[in-house]
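Below: entry_7.pdb (PDB, C-alpha atoms and all ligand atoms)
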```pdb
ATOM      1  CA  MET A   1      22.375  -7.407   1.639
ATOM      2  CA  ILE A   2      24.725  -7.588   4.658
ATOM      3  CA  GLU A   3      24.603 -10.910   6.516
ATOM      4  CA  LEU A   4      24.316 -10.579  10.291
ATOM      5  CA  PRO A   5      25.059 -13.206  12.962
ATOM      6  CA  PHE A   6      21.730 -14.884  13.709
ATOM      7  CA  ALA A   7      21.272 -13.574  17.283
ATOM      8  CA  GLU A   8      21.768 -10.031  16.029
ATOM      9  CA  GLN A   9      19.458 -10.545  13.082
ATOM     10  CA  LEU A  10      16.777 -12.021  15.360
ATOM     11  CA  ALA A  11      17.005  -9.113  17.821
ATOM     12  CA  GLN A  12      16.777  -6.673  14.921
ATOM     13  CA  TRP A  13      13.612  -8.352  13.538
ATOM     14  CA  GLN A  14      12.039  -8.509  17.006
ATOM     15  CA  SER A  15      12.702  -4.859  17.689
ATOM     16  CA  ARG A  16      11.494  -3.920  14.216
ATOM     17  CA  ALA A  17       8.229  -5.803  14.881
ATOM     18  CA  GLU A  18       7.864  -4.057  18.244
ATOM     19  CA  SER A  19       8.130  -0.555  16.809
ATOM     20  CA  GLU A  20       6.007  -1.332  13.728
ATOM     21  CA  LEU A  21       3.275  -2.761  15.978
ATOM     22  CA  ALA A  22       3.464   0.237  18.324
ATOM     23  CA  ARG A  23       2.949   2.729  15.537
ATOM     24  CA  ARG A  24      -0.018   0.865  14.057
ATOM     25  CA  LEU A  25      -1.865   0.601  17.388
ATOM     26  CA  PRO A  26      -4.248   3.413  18.314
ATOM     27  CA  PRO A  27      -2.748   5.781  20.942
ATOM     28  CA  GLU A  28      -3.836   5.480  24.558
ATOM     29  CA  SER A  29      -4.602   9.185  24.592
ATOM     30  CA  GLN A  30      -7.367   8.712  22.006
ATOM     31  CA  LEU A  31     -10.992   7.851  22.870
ATOM     32  CA  PRO A  32     -11.849   5.117  23.966
ATOM     33  CA  GLN A  33      -8.679   5.311  26.073
ATOM     34  CA  ARG A  34      -9.238   2.203  28.193
ATOM     35  CA  LEU A  35      -9.817  -0.007  25.156
ATOM     36  CA  HIS A  36      -6.725   1.362  23.427
ATOM     37  CA  ALA A  37      -4.695   0.885  26.607
ATOM     38  CA  ALA A  38      -5.821  -2.767  26.784
ATOM     39  CA  MET A  39      -4.900  -3.364  23.127
ATOM     40  CA  ARG A  40      -1.446  -1.864  23.624
ATOM     41  CA  TYR A  41      -0.977  -3.765  26.888
ATOM     42  CA  ALA A  42      -1.764  -7.095  25.199
ATOM     43  CA  VAL A  43       0.383  -6.528  22.119
ATOM     44  CA  LEU A  44       3.454  -4.609  23.313
ATOM     45  CA  GLY A  45       6.315  -5.355  25.680
ATOM     46  CA  GLY A  46       6.450  -9.114  25.516
ATOM     47  CA  GLY A  47       6.191 -11.981  23.134
ATOM     48  CA  LYS A  48       8.847 -13.567  20.989
ATOM     49  CA  ARG A  49       7.388 -12.175  17.751
ATOM     50  CA  VAL A  50       7.737 -15.623  16.184
ATOM     51  CA  ARG A  51       5.249 -14.898  13.405
ATOM     52  CA  PRO A  52       6.682 -11.529  12.241
ATOM     53  CA  VAL A  53      10.193 -13.033  12.443
ATOM     54  CA  LEU A  54       9.070 -15.935  10.244
ATOM     55  CA  SER A  55       7.651 -13.475   7.702
ATOM     56  CA  TYR A  56      10.820 -11.381   7.666
ATOM     57  CA  ALA A  57      13.047 -14.464   7.354
ATOM     58  CA  THR A  58      10.918 -15.894   4.535
ATOM     59  CA  GLY A  59      11.062 -12.508   2.843
ATOM     60  CA  LEU A  60      14.846 -12.404   3.166
ATOM     61  CA  ALA A  61      15.096 -15.864   1.585
ATOM     62  CA  LEU A  62      13.043 -14.529  -1.313
ATOM     63  CA  ASN A  63      15.026 -11.297  -1.615
ATOM     64  CA  LEU A  64      12.362  -8.993  -0.164
ATOM     65  CA  GLU A  65      13.148  -5.977   2.007
ATOM     66  CA  ALA A  66      11.747  -6.216   5.554
ATOM     67  CA  SER A  67       9.980  -2.890   5.006
ATOM     68  CA  SER A  68       7.704  -4.470   2.381
ATOM     69  CA  LEU A  69       6.559  -7.029   4.982
ATOM     70  CA  ASP A  70       5.901  -4.778   7.972
ATOM     71  CA  GLY A  71       2.157  -4.546   7.306
ATOM     72  CA  ALA A  72       1.697  -8.293   6.867
ATOM     73  CA  ALA A  73       3.891  -9.052   9.891
ATOM     74  CA  CYS A  74       1.860  -6.678  12.097
ATOM     75  CA  ALA A  75      -1.468  -8.021  10.826
ATOM     76  CA  ILE A  76      -0.488 -11.580  11.782
ATOM     77  CA  GLU A  77       0.773 -10.492  15.204
ATOM     78  CA  PHE A  78      -2.483  -8.586  15.871
ATOM     79  CA  ILE A  79      -4.445 -11.779  15.164
ATOM     80  CA  HIS A  80      -2.071 -13.722  17.423
ATOM     81  CA  ALA A  81      -2.464 -11.173  20.261
ATOM     82  CA  TYR A  82      -6.259 -11.266  19.933
ATOM     83  CA  SER A  83      -6.199 -15.070  20.140
ATOM     84  CA  LEU A  84      -4.105 -14.970  23.324
ATOM     85  CA  ILE A  85      -6.453 -12.445  24.987
ATOM     86  CA  HIS A  86      -9.529 -14.528  24.202
ATOM     87  CA  ASP A  87      -7.803 -17.824  25.012
ATOM     88  CA  ASP A  88      -6.970 -16.517  28.511
ATOM     89  CA  LEU A  89     -10.571 -15.510  29.321
ATOM     90  CA  PRO A  90     -12.506 -17.369  32.032
ATOM     91  CA  ALA A  91     -14.798 -18.863  29.348
ATOM     92  CA  MET A  92     -11.763 -20.467  27.670
ATOM     93  CA  ASP A  93      -8.523 -21.328  29.482
ATOM     94  CA  ASP A  94      -9.050 -18.958  32.415
ATOM     95  CA  ASP A  95      -5.389 -17.990  32.821
ATOM     96  CA  ASP A  96      -4.043 -15.288  35.144
ATOM     97  CA  LEU A  97      -0.552 -15.016  33.716
ATOM     98  CA  ARG A  98       0.701 -14.393  30.190
ATOM     99  CA  ARG A  99       4.214 -13.354  29.206
ATOM    100  CA  GLY A 100       5.042 -13.067  32.897
ATOM    101  CA  LYS A 101       2.386 -10.441  33.616
ATOM    102  CA  PRO A 102      -1.355 -10.447  34.433
ATOM    103  CA  THR A 103      -3.524 -11.493  31.503
ATOM    104  CA  CYS A 104      -5.492  -8.727  29.783
ATOM    105  CA  HIS A 105      -8.779  -9.448  31.578
ATOM    106  CA  LYS A 106      -6.941  -9.449  34.930
ATOM    107  CA  ALA A 107      -5.127  -6.177  34.227
ATOM    108  CA  PHE A 108      -8.327  -4.545  32.865
ATOM    109  CA  ASP A 109     -11.664  -6.402  33.022
ATOM    110  CA  GLU A 110     -13.376  -9.129  31.037
ATOM    111  CA  ALA A 111     -15.537  -6.886  28.852
ATOM    112  CA  THR A 112     -12.562  -4.698  27.929
ATOM    113  CA  ALA A 113     -10.462  -7.783  27.152
ATOM    114  CA  ILE A 114     -13.150  -9.193  24.846
ATOM    115  CA  LEU A 115     -13.386  -5.859  23.037
ATOM    116  CA  ALA A 116      -9.595  -5.518  22.815
ATOM    117  CA  GLY A 117      -9.435  -8.939  21.118
ATOM    118  CA  ASP A 118     -12.272  -8.016  18.756
ATOM    119  CA  ALA A 119     -10.669  -4.686  17.857
ATOM    120  CA  LEU A 120      -7.245  -6.280  17.254
ATOM    121  CA  GLN A 121      -8.809  -8.782  14.891
ATOM    122  CA  VAL A 122     -10.390  -5.968  12.883
ATOM    123  CA  LEU A 123      -7.198  -3.907  12.998
ATOM    124  CA  ALA A 124      -5.304  -6.801  11.372
ATOM    125  CA  PHE A 125      -7.525  -6.677   8.301
ATOM    126  CA  GLU A 126      -7.598  -2.869   8.266
ATOM    127  CA  VAL A 127      -3.795  -2.890   8.081
ATOM    128  CA  LEU A 128      -3.835  -5.324   5.158
ATOM    129  CA  ALA A 129      -6.464  -3.258   3.348
ATOM    130  CA  ASP A 130      -5.060   0.241   3.997
ATOM    131  CA  ASP A 131      -1.445   0.202   5.088
ATOM    132  CA  ALA A 132       0.940   1.999   2.774
ATOM    133  CA  MET A 133       3.659  -0.570   3.562
ATOM    134  CA  VAL A 134       1.581  -3.453   2.178
ATOM    135  CA  SER A 135       2.151  -4.103  -1.533
ATOM    136  CA  ALA A 136       0.344  -1.463  -3.594
ATOM    137  CA  ASP A 137      -0.819  -4.198  -5.950
ATOM    138  CA  ALA A 138      -4.527  -4.807  -5.186
ATOM    139  CA  ASN A 139      -4.349  -8.506  -6.085
ATOM    140  CA  THR A 140      -1.549  -9.076  -3.592
ATOM    141  CA  ARG A 141      -3.479  -7.249  -0.862
ATOM    142  CA  LEU A 142      -6.505  -9.419  -1.577
ATOM    143  CA  GLN A 143      -4.372 -12.545  -1.461
ATOM    144  CA  LEU A 144      -2.903 -11.496   1.905
ATOM    145  CA  ILE A 145      -6.403 -10.897   3.282
ATOM    146  CA  GLN A 146      -7.518 -14.314   1.978
ATOM    147  CA  ILE A 147      -4.552 -16.137   3.519
ATOM    148  CA  LEU A 148      -4.964 -14.478   6.921
ATOM    149  CA  ALA A 149      -8.759 -14.888   6.972
ATOM    150  CA  ALA A 150      -8.514 -18.598   6.119
ATOM    151  CA  ALA A 151      -5.833 -19.127   8.769
ATOM    152  CA  SER A 152      -7.923 -17.394  11.443
ATOM    153  CA  GLY A 153     -11.336 -18.932  10.712
ATOM    154  CA  THR A 154     -13.149 -22.181  11.341
ATOM    155  CA  GLN A 155     -10.698 -24.183   9.223
ATOM    156  CA  GLY A 156      -7.857 -22.467  11.035
ATOM    157  CA  MET A 157      -7.225 -20.946  14.456
ATOM    158  CA  ALA A 158     -10.844 -20.523  15.625
ATOM    159  CA  GLY A 159     -11.710 -24.041  14.447
ATOM    160  CA  GLY A 160      -8.651 -25.449  16.198
ATOM    161  CA  GLN A 161      -9.621 -23.665  19.385
ATOM    162  CA  ALA A 162     -13.134 -25.167  19.139
ATOM    163  CA  LEU A 163     -11.601 -28.651  18.783
ATOM    164  CA  ASP A 164      -9.284 -27.920  21.700
ATOM    165  CA  LEU A 165     -12.143 -26.851  23.978
ATOM    166  CA  ALA A 166     -14.230 -29.862  22.963
ATOM    167  CA  ALA A 167     -11.307 -32.216  23.609
ATOM    168  CA  ALA A 168     -10.821 -31.458  27.321
ATOM    169  CA  GLY A 169     -11.242 -34.660  29.305
ATOM    170  CA  ARG A 170     -11.689 -36.786  26.150
ATOM    171  CA  ALA A 171      -9.264 -39.318  24.688
ATOM    172  CA  LEU A 172      -8.071 -38.202  21.241
ATOM    173  CA  THR A 173      -6.026 -40.207  18.770
ATOM    174  CA  LEU A 174      -2.656 -38.815  17.718
ATOM    175  CA  ASP A 175      -4.157 -37.939  14.308
ATOM    176  CA  GLU A 176      -6.881 -35.916  16.013
ATOM    177  CA  VAL A 177      -4.305 -34.087  18.121
ATOM    178  CA  VAL A 178      -2.291 -33.313  14.975
ATOM    179  CA  GLN A 179      -5.430 -31.991  13.223
ATOM    180  CA  MET A 180      -6.244 -29.774  16.217
ATOM    181  CA  HIS A 181      -2.677 -28.426  16.350
ATOM    182  CA  ALA A 182      -2.549 -27.846  12.591
ATOM    183  CA  TRP A 183      -5.582 -25.552  12.839
ATOM    184  CA  LYS A 184      -5.070 -23.938  16.229
ATOM    185  CA  THR A 185      -1.385 -23.036  15.892
ATOM    186  CA  GLY A 186      -0.103 -24.314  12.559
ATOM    187  CA  ALA A 187      -2.466 -22.220  10.444
ATOM    188  CA  LEU A 188      -1.096 -18.876  11.674
ATOM    189  CA  ILE A 189       2.506 -20.082  11.468
ATOM    190  CA  ARG A 190       1.830 -21.183   7.900
ATOM    191  CA  ALA A 191       0.208 -17.807   7.127
ATOM    192  CA  SER A 192       3.346 -16.032   8.372
ATOM    193  CA  VAL A 193       5.407 -17.852   5.752
ATOM    194  CA  MET A 194       2.830 -17.869   2.966
ATOM    195  CA  MET A 195       1.978 -14.160   3.273
ATOM    196  CA  ALA A 196       5.639 -13.284   2.794
ATOM    197  CA  ALA A 197       5.719 -15.695  -0.142
ATOM    198  CA  ALA A 198       2.603 -14.063  -1.624
ATOM    199  CA  CYS A 199       4.445 -10.717  -1.612
ATOM    200  CA  ALA A 200       7.477 -12.207  -3.388
ATOM    201  CA  LYS A 201       5.591 -14.342  -5.932
ATOM    202  CA  PRO A 202       8.169 -17.164  -6.216
ATOM    203  CA  THR A 203       7.940 -20.144  -8.601
ATOM    204  CA  PRO A 204       5.281 -22.821  -7.843
ATOM    205  CA  ALA A 205       8.054 -25.216  -6.747
ATOM    206  CA  VAL A 206       9.386 -22.732  -4.180
ATOM    207  CA  LEU A 207       5.852 -21.966  -3.012
ATOM    208  CA  GLN A 208       5.166 -25.665  -2.485
ATOM    209  CA  ALA A 209       8.428 -26.170  -0.605
ATOM    210  CA  LEU A 210       7.650 -23.212   1.684
ATOM    211  CA  ASP A 211       4.153 -24.565   2.308
ATOM    212  CA  LYS A 212       5.578 -27.941   3.401
ATOM    213  CA  PHE A 213       8.243 -26.191   5.473
ATOM    214  CA  ALA A 214       5.599 -24.109   7.261
ATOM    215  CA  ASP A 215       3.338 -27.101   7.949
ATOM    216  CA  ALA A 216       6.155 -29.075   9.537
ATOM    217  CA  ILE A 217       7.489 -26.155  11.551
ATOM    218  CA  GLY A 218       3.997 -25.246  12.794
ATOM    219  CA  LEU A 219       3.392 -28.713  14.206
ATOM    220  CA  ALA A 220       6.892 -28.892  15.704
ATOM    221  CA  PHE A 221       6.332 -25.492  17.349
ATOM    222  CA  GLN A 222       3.092 -26.640  18.983
ATOM    223  CA  ILE A 223       4.507 -29.986  20.174
ATOM    224  CA  GLN A 224       7.399 -28.058  21.727
ATOM    225  CA  ASP A 225       4.808 -25.795  23.392
ATOM    226  CA  ASP A 226       3.102 -28.913  24.805
ATOM    227  CA  LEU A 227       6.489 -30.161  26.052
ATOM    228  CA  LEU A 228       7.256 -26.804  27.684
ATOM    229  CA  ASP A 229       3.932 -27.010  29.497
ATOM    230  CA  ILE A 230       5.255 -30.202  31.103
ATOM    231  CA  GLU A 231       8.945 -29.519  31.562
ATOM    232  CA  GLY A 232       9.395 -25.766  31.024
ATOM    233  CA  ASP A 233      10.625 -23.262  33.582
ATOM    234  CA  PRO A 234       7.804 -20.805  34.431
ATOM    235  CA  ARG A 235      10.428 -18.091  35.047
ATOM    236  CA  VAL A 236      11.433 -18.475  31.396
ATOM    237  CA  THR A 237       8.067 -19.292  29.767
ATOM    238  CA  GLY A 238       6.211 -16.592  31.715
ATOM    239  CA  LYS A 239       3.227 -18.863  32.304
ATOM    240  CA  ALA A 240       2.234 -21.592  34.719
ATOM    241  CA  VAL A 241       3.535 -25.117  34.078
ATOM    242  CA  GLY A 242       1.176 -28.112  34.050
ATOM    243  CA  ALA A 243      -1.877 -26.136  32.880
ATOM    244  CA  ASP A 244      -2.690 -28.596  30.055
ATOM    245  CA  GLN A 245      -2.573 -31.565  32.395
ATOM    246  CA  ALA A 246      -4.693 -29.754  34.997
ATOM    247  CA  ARG A 247      -7.356 -29.204  32.314
ATOM    248  CA  ALA A 248      -7.032 -32.826  31.127
ATOM    249  CA  LYS A 249      -6.038 -31.627  27.623
ATOM    250  CA  PRO A 250      -5.029 -34.347  25.179
ATOM    251  CA  THR A 251      -1.735 -32.781  24.052
ATOM    252  CA  TYR A 252       0.792 -34.516  21.792
ATOM    253  CA  PRO A 253       3.068 -35.714  24.648
ATOM    254  CA  ALA A 254       0.015 -36.740  26.689
ATOM    255  CA  VAL A 255      -1.067 -39.064  23.870
ATOM    256  CA  SER A 256       2.306 -40.237  22.510
ATOM    257  CA  GLY A 257       4.566 -39.982  25.579
ATOM    258  CA  ILE A 258       7.314 -37.421  26.160
ATOM    259  CA  ASP A 259      10.134 -39.238  24.356
ATOM    260  CA  ALA A 260       8.056 -39.833  21.235
ATOM    261  CA  ALA A 261       6.998 -36.165  21.295
ATOM    262  CA  ARG A 262      10.646 -35.035  21.502
ATOM    263  CA  ALA A 263      11.562 -37.373  18.643
ATOM    264  CA  ARG A 264       8.701 -36.008  16.536
ATOM    265  CA  VAL A 265       9.912 -32.434  17.076
ATOM    266  CA  GLN A 266      13.390 -33.469  15.839
ATOM    267  CA  ALA A 267      11.963 -35.288  12.822
ATOM    268  CA  LEU A 268       9.645 -32.417  11.878
ATOM    269  CA  HIS A 269      12.480 -29.933  12.150
ATOM    270  CA  ALA A 270      14.650 -32.050   9.832
ATOM    271  CA  GLN A 271      11.727 -32.425   7.430
ATOM    272  CA  ALA A 272      11.109 -28.666   7.451
ATOM    273  CA  VAL A 273      14.726 -27.731   6.872
ATOM    274  CA  SER A 274      15.052 -30.231   4.007
ATOM    275  CA  GLN A 275      12.338 -28.298   2.159
ATOM    276  CA  LEU A 276      14.531 -25.189   2.175
ATOM    277  CA  GLN A 277      17.210 -26.762  -0.047
ATOM    278  CA  ILE A 278      15.575 -25.251  -3.108
ATOM    279  CA  LEU A 279      16.321 -21.769  -1.729
ATOM    280  CA  GLY A 280      20.025 -22.412  -1.129
ATOM    281  CA  GLU A 281      22.110 -20.067   1.038
ATOM    282  CA  ALA A 282      19.463 -17.341   1.023
ATOM    283  CA  ALA A 283      17.362 -19.498   3.355
ATOM    284  CA  GLN A 284      20.056 -19.760   6.048
ATOM    285  CA  PRO A 285      18.358 -17.218   8.370
ATOM    286  CA  LEU A 286      15.058 -19.089   7.872
ATOM    287  CA  ARG A 287      16.798 -22.357   8.877
ATOM    288  CA  GLU A 288      18.081 -20.642  11.989
ATOM    289  CA  VAL A 289      14.651 -19.202  12.766
ATOM    290  CA  SER A 290      13.128 -22.664  12.556
ATOM    291  CA  GLU A 291      15.782 -24.037  14.908
ATOM    292  CA  TRP A 292      15.135 -21.176  17.336
ATOM    293  CA  LEU A 293      11.402 -21.692  17.424
ATOM    294  CA  VAL A 294      11.459 -25.470  17.546
ATOM    295  CA  PHE A 295      14.111 -25.868  20.239
ATOM    296  CA  ARG A 296      13.077 -22.856  22.321
ATOM    297  CA  ARG A 297      12.748 -22.932  26.130
ATOM    298  CA  GLN A 298      10.390 -19.948  26.208
TER     299      GLN A 298
HETATM  300  C1  LIG B 301      -9.519 -17.514  20.843
HETATM  301  C2  LIG B 301      -9.992 -17.851  18.375
HETATM  302  C3  LIG B 301      -9.164 -18.100  19.537
HETATM  303  C4  LIG B 301      -8.085 -18.870  19.371
HETATM  304  C5  LIG B 301      -7.137 -19.154  20.398
HETATM  305  C6  LIG B 301      -3.813 -19.676  19.383
HETATM  306  C7  LIG B 301      -4.875 -19.920  20.373
HETATM  307  C8  LIG B 301      -6.199 -20.183  19.875
HETATM  308  C9  LIG B 301      -4.681 -19.847  21.694
HETATM  309  C10 LIG B 301      -3.447 -19.443  22.340
HETATM  310  C11 LIG B 301      -3.065 -20.405  23.427
HETATM  311  C12 LIG B 301      -2.032 -21.337  22.990
HETATM  312  C13 LIG B 301      -1.092 -21.862  24.005
HETATM  313  C14 LIG B 301      -1.971 -21.687  21.750
HETATM  314  C15 LIG B 301      -1.000 -22.500  21.189
HETATM  315  C16 LIG B 301      -0.232 -21.629  20.292
HETATM  316  C17 LIG B 301       0.868 -21.006  20.998
HETATM  317  C18 LIG B 301       2.068 -21.819  21.206
HETATM  318  C19 LIG B 301       0.747 -19.764  21.425
HETATM  319  C20 LIG B 301       1.816 -19.023  22.062
HETATM  320  O1  LIG B 301       2.559 -18.452  21.024
HETATM  321  P1  LIG B 301       3.958 -17.817  21.259
HETATM  322  O2  LIG B 301       4.840 -18.808  21.966
HETATM  323  O3  LIG B 301       3.604 -16.634  22.265
HETATM  324  O4  LIG B 301       4.441 -17.272  19.968
HETATM  325  P2  LIG B 301       4.315 -15.246  22.483
HETATM  326  O5  LIG B 301       3.897 -14.839  23.871
HETATM  327  O6  LIG B 301       5.807 -15.410  22.376
HETATM  328  O7  LIG B 301       3.773 -14.313  21.453
END
```

How does this structure look as structure tokens?
Ligand code: GRG
Amino acid sequence: MIELPFAEQLAQWQSRAESELARRLPPESQLPQRLHAAMRYAVLGGGKRVRPVLSYATGLALNLEASSLDGAACAIEFIHAYSLIHDDLPAMDDDDLRRGKPTCHKAFDEATAILAGDALQVLAFEVLADDAMVSADANTRLQLIQILAAASGTQGMAGGQALDLAAAGRALTLDEVVQMHAWKTGALIRASVMMAAACAKPTPAVLQALDKFADAIGLAFQIQDDLLDIEGDPRVTGKAVGADQARAKPTYPAVSGIDAARARVQALHAQAVSQLQILGEAAQPLREVSEWLVFRRQ
């Protein structure tokens, strides 16, 4: 395998994710056109593709070709896109701007946005069940479906979102904030790593190290997101700054203070990277991915 400079490798994974997503989405020309247009609008042409990139980088560390991970990477990104559409709805965060453009319900309408989210969620599991690029081994497919379902459900993203909505205006402890983040954001980040691992079937020790890596990186990613909501540049993040504070959300920096939050991001990153020792040089792109997503400005 040829080693690329990280920026080049990252751009290659992002553009791979973009075209693999595009070809798995239903065409706008097909009935119901407006729903398909909303799905494509919400998924394509924006987004850092953090979760597919994490899957590809984990796969590379475990000697898997990116092509064997396209299905899993797209399934995770479809779930992520659905969560963003629903999160932006008036009944949830009521946001007008996402990725620097009008949110799905603003560009279309609320009913279409709800349906687009629903259909993307189903599409994710359809891809895992049917896609020719997902491992032909039925047990692996089932395992991928189990990992993604658990990460998306009440003990994962949906549960975390419920805790988040219930927390507005309430004082949470730091442990409660960490629990909320672990489900709301961490679960899907962890699934991105663990689904790639499920395809490669590494030793139990490697699996455990990757699990710890993903947990730490998921929390660091969300704390950085909280920090960007306070001190980010809206021209770079593509969304309004100060939204969490305006909604009285108990984020990590709101509870611990900004300096402690920054220090925790550093510590979690170090903790995550230390778990990758077992994979040696092959994990170098994964180390760089974790640095990119933890110290991002976008
Ligand atoms: C509606 C079931 C349901 C869940 C919503 C994940 C989530 C729960 C809401 C999204 C809003 C949000 C700010 C969540 C925190 C996770 C996060 C940092 C999302 C943004 O992910 P990025 O930075 O976004 O990967 P891009 O746009 O780059 O894809």

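Near region 216-232 of chain A, within 7 Å and counting only C-alpha atoms, sit A:His181, A:Ala182, A:Thr185, A:Gly186, A:Ile189, A:Arg190, A:Thr237, A:Val241, A:Gly242, A:Ala243, A:Asp244, A:Thr251, A:Tyr252, A:Pro253, A:Ala261, A:Val265, A:Leu268, A:His269, A:Gln271, A:Ala272, A:Ser290, A:Leu293, A:Val294, A:Arg297, not including residues fewer than 5 positions from it in the same chain.
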
I'd like the residues picked by the PyMOL selection byres (((chain A and resi 160) around 12) and not hetatm) written out as a ChimeraX atom specification, using the chain letters and numbers from the file. /A:83,87,151-159,161-167,176-188

Please identify all polymer residues within 9 Å of Ile278 (chain A), counting only C-alpha atoms, omitting same-chain residues fewer than 5 positions from it, and present them as a list in words. Ala205, Val206, Ala209 and Ala283 of chain A

Could the centre and edge lengths of an axis-aligned box, enclosing all atoms of ligand LIG 301 (chain B) in the file with 5 Å extra on each side, be given in Å to one decimal as AutoDock Vina command-line options?
```
--center_x -2.1 --center_y -18.4 --center_z 21.2 --size_x 25.8 --size_y 18.2 --size_z 15.6
```

Of the listed residues A:Leu89, A:Ala191, A:Ala282, A:Leu4, that which approaches Leu115 (chain A) most closely, counting only C-alpha atoms: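 Among the listed residues, the smallest separation from Leu115 (chain A) belongs to A:Leu89.
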
All residues 8 Å or closer to Leu25 (chain A), only C-alpha atoms, same chain fewer than 5 positions away omitted, as a PyMOL selection string: chain A and resi 36+39-40

Can you write out the residues you just picked, keeping C-alpha atoms, as a JSON list (two decimals), in the coordinates of the input?
```json
[["chain", "number", "residue", "atom", "x", "y", "z"],
["A", 36, "HIS", "CA", -6.72, 1.36, 23.43],
["A", 39, "MET", "CA", -4.90, -3.36, 23.13],
["A", 40, "ARG", "CA", -1.45, -1.86, 23.62]]
```

Pairwise distance for atom O3 of ligand LIG 301 (chain B) and CA of Ala254 (chain A), rounded to one decimal in Å: 20.9 Å

Please report the interatomic distance between CA of Leu69 (chain A) and CA of Trp13 (chain A) in Å with one decimal. 11.2 Å

What is the CA of His105 (chain A)-CA of Arg296 (chain A) distance in Å, reported with one decimal? 27.3 Å
